[in-house]
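One structure is given below, encoded as structure tokens.
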Amino acid sequence: MKYAKFCIMITGIVTLASCSVSPERQAMIDEFEQTIPTCLSDSDCRPKWAAARAWVLENSDFAIRSESDERIMATSNITTNSGQGVTVIRMSEGNGYQILVNVECFNSFGCPGMLDARIDFNRTVNAVSN
């Protein structure tokens with residue numbers, strides 16, 4: 001009975017430890033969350049939205065299939081296509097907008113660097129000035 005409890009305890013510890021995030025990855029997640037691009041007016045949003053569109057064209061494996069002033073979608077709806085897709089939305093927040101990116105993986109083997117891509121998006125759009 002003691003051995004069974006010990007095994008359950010060790011299994012629980014290993015399970016919890018495997019769910020933890022490395023400090024390096026947590027720093028990347030924090031950077032992504034703290035650098036989400038924002039804009040306050042049309043004159044501020046227009047060049048940032050253009051930069052977001054250019055980034056999507058450069059970084060999505062799929063062509064833009066839906067586009068408006070509020071959303072850019074370059075993903076696949078065909079299950080046999082694989083690669084990295086990107087959706088960007090402009091969402092109202094407070095007195096302005098956030099420009100949010102979602103990088104999706106359409107590959108059964110995974111897509112490395114998706115968080116890196118999100119951070120790069122934020123950096124690229126934030127680099128645009130009025």
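Simple scheme: letters A, B, ... for chains in structure tokens order, numbers from 1 for residues in each chain, numbers from 1 for ligands in the order shown.
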I need the residues in chain A that are strand (DSSP E) according to DSSP; give them as number ranges by chain.
A: 38-39, 66-67, 71-74, 83-93, 96-106
The selected residues should be written to file as an mmCIF file, in the first residue's frame (atoms: N, CA and C atoms).
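So again_3.cif came out as:
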```cif
data_model
loop_
_atom_site.group_PDB
_atom_site.id
_atom_site.type_symbol
_atom_site.label_atom_id
_atom_site.label_comp_id
_atom_site.auth_asym_id
_atom_site.auth_seq_id
_atom_site.Cartn_x
_atom_site.Cartn_y
_atom_site.Cartn_z
ATOM 1 N N THR A 38 -1.049 48.527 -30.455
ATOM 2 C CA THR A 38 -2.268 49.305 -30.265
ATOM 3 C C THR A 38 -2.231 50.513 -31.191
ATOM 4 N N CYS A 39 -3.403 51.077 -31.421
ATOM 5 C CA CYS A 39 -3.501 52.324 -32.179
ATOM 6 C C CYS A 39 -4.709 53.080 -31.657
ATOM 7 N N SER A 66 -9.575 36.224 -46.788
ATOM 8 C CA SER A 66 -10.622 37.098 -46.279
ATOM 9 C C SER A 66 -9.944 38.325 -45.689
ATOM 10 N N GLU A 67 -10.478 39.515 -46.049
ATOM 11 C CA GLU A 67 -9.832 40.735 -45.585
ATOM 12 C C GLU A 67 -10.857 41.851 -45.439
ATOM 13 N N ARG A 71 -10.285 42.509 -39.967
ATOM 14 C CA ARG A 71 -9.693 41.169 -39.946
ATOM 15 C C ARG A 71 -8.941 40.869 -41.231
ATOM 16 N N ILE A 72 -7.811 40.204 -41.077
ATOM 17 C CA ILE A 72 -7.043 39.656 -42.204
ATOM 18 C C ILE A 72 -6.890 38.175 -41.915
ATOM 19 N N MET A 73 -7.322 37.343 -42.846
ATOM 20 C CA MET A 73 -7.276 35.905 -42.615
ATOM 21 C C MET A 73 -6.535 35.214 -43.749
ATOM 22 N N ALA A 74 -5.422 34.591 -43.398
ATOM 23 C CA ALA A 74 -4.644 33.824 -44.374
ATOM 24 C C ALA A 74 -4.430 32.428 -43.789
ATOM 25 N N GLY A 83 0.830 23.859 -43.286
ATOM 26 C CA GLY A 83 1.679 25.028 -43.155
ATOM 27 C C GLY A 83 1.213 25.916 -42.032
ATOM 28 N N GLN A 84 1.742 27.130 -42.026
ATOM 29 C CA GLN A 84 1.428 28.105 -40.993
ATOM 30 C C GLN A 84 0.437 29.124 -41.535
ATOM 31 N N GLY A 85 -0.676 29.275 -40.842
ATOM 32 C CA GLY A 85 -1.677 30.259 -41.214
ATOM 33 C C GLY A 85 -1.695 31.396 -40.214
ATOM 34 N N VAL A 86 -2.203 32.544 -40.641
ATOM 35 C CA VAL A 86 -2.220 33.726 -39.788
ATOM 36 C C VAL A 86 -3.571 34.426 -39.906
ATOM 37 N N THR A 87 -4.100 34.823 -38.752
ATOM 38 C CA THR A 87 -5.277 35.676 -38.701
ATOM 39 C C THR A 87 -4.943 36.870 -37.827
ATOM 40 N N VAL A 88 -5.285 38.066 -38.288
ATOM 41 C CA VAL A 88 -5.069 39.297 -37.532
ATOM 42 C C VAL A 88 -6.416 39.972 -37.376
ATOM 43 N N ILE A 89 -6.700 40.427 -36.175
ATOM 44 C CA ILE A 89 -7.935 41.180 -35.955
ATOM 45 C C ILE A 89 -7.619 42.504 -35.268
ATOM 46 N N ARG A 90 -8.432 43.482 -35.569
ATOM 47 C CA ARG A 90 -8.345 44.776 -34.898
ATOM 48 C C ARG A 90 -9.552 44.855 -33.973
ATOM 49 N N MET A 91 -9.264 44.853 -32.673
ATOM 50 C CA MET A 91 -10.323 44.792 -31.686
ATOM 51 C C MET A 91 -10.354 46.084 -30.868
ATOM 52 N N SER A 92 -11.544 46.610 -30.712
ATOM 53 C CA SER A 92 -11.727 47.829 -29.941
ATOM 54 C C SER A 92 -11.393 47.592 -28.481
ATOM 55 N N GLU A 93 -10.630 48.519 -27.916
ATOM 56 C CA GLU A 93 -10.318 48.453 -26.485
ATOM 57 C C GLU A 93 -10.129 49.863 -25.954
ATOM 58 N N GLY A 96 -9.086 53.085 -28.036
ATOM 59 C CA GLY A 96 -8.408 52.741 -29.278
ATOM 60 C C GLY A 96 -8.651 51.295 -29.673
ATOM 61 N N TYR A 97 -7.611 50.707 -30.236
ATOM 62 C CA TYR A 97 -7.704 49.339 -30.742
ATOM 63 C C TYR A 97 -6.450 48.554 -30.387
ATOM 64 N N GLN A 98 -6.623 47.242 -30.289
ATOM 65 C CA GLN A 98 -5.495 46.324 -30.238
ATOM 66 C C GLN A 98 -5.447 45.605 -31.574
ATOM 67 N N ILE A 99 -4.251 45.337 -32.051
ATOM 68 C CA ILE A 99 -4.072 44.563 -33.282
ATOM 69 C C ILE A 99 -3.503 43.216 -32.855
ATOM 70 N N LEU A 100 -4.348 42.199 -32.909
ATOM 71 C CA LEU A 100 -4.030 40.885 -32.356
ATOM 72 C C LEU A 100 -3.738 39.875 -33.457
ATOM 73 N N VAL A 101 -2.689 39.109 -33.267
ATOM 74 C CA VAL A 101 -2.317 38.086 -34.243
ATOM 75 C C VAL A 101 -2.565 36.704 -33.651
ATOM 76 N N ASN A 102 -3.006 35.797 -34.510
ATOM 77 C CA ASN A 102 -3.121 34.389 -34.153
ATOM 78 C C ASN A 102 -2.400 33.596 -35.234
ATOM 79 N N VAL A 103 -1.354 32.903 -34.841
ATOM 80 C CA VAL A 103 -0.603 32.062 -35.772
ATOM 81 C C VAL A 103 -1.070 30.634 -35.543
ATOM 82 N N GLU A 104 -1.548 29.999 -36.599
ATOM 83 C CA GLU A 104 -2.106 28.655 -36.499
ATOM 84 C C GLU A 104 -1.244 27.659 -37.256
ATOM 85 N N CYS A 105 -1.232 26.454 -36.768
ATOM 86 C CA CYS A 105 -0.467 25.396 -37.411
ATOM 87 C C CYS A 105 -1.407 24.414 -38.100
ATOM 88 N N PHE A 106 -1.214 24.259 -39.372
ATOM 89 C CA PHE A 106 -1.983 23.292 -40.161
ATOM 90 C C PHE A 106 -1.022 22.193 -40.616
#
```
Just the residues within 7 Å of stretch 111-128 of chain A, please, counting only C-alpha atoms, with nothing from its chain fewer than 2 positions along; format it as a PyMOL selection string.
chain A and resi 32+35-37+47-48+51-52+55+84+101+103+105+107+109+130
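Distances to A:Glu70 were evaluated for A:Glu58, A:Pro23, A:Trp49, A:Asp30 using only C-alpha atoms, and the minimum falls at A:Trp49.
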List every residue of stretch 18-117 of chain A that DSSP, applied to the backbone of this structure, assigns to alpha helix (DSSP H), and report them as a PyMOL selection string.
chain A and resi 18+23-34+42-59+114-117
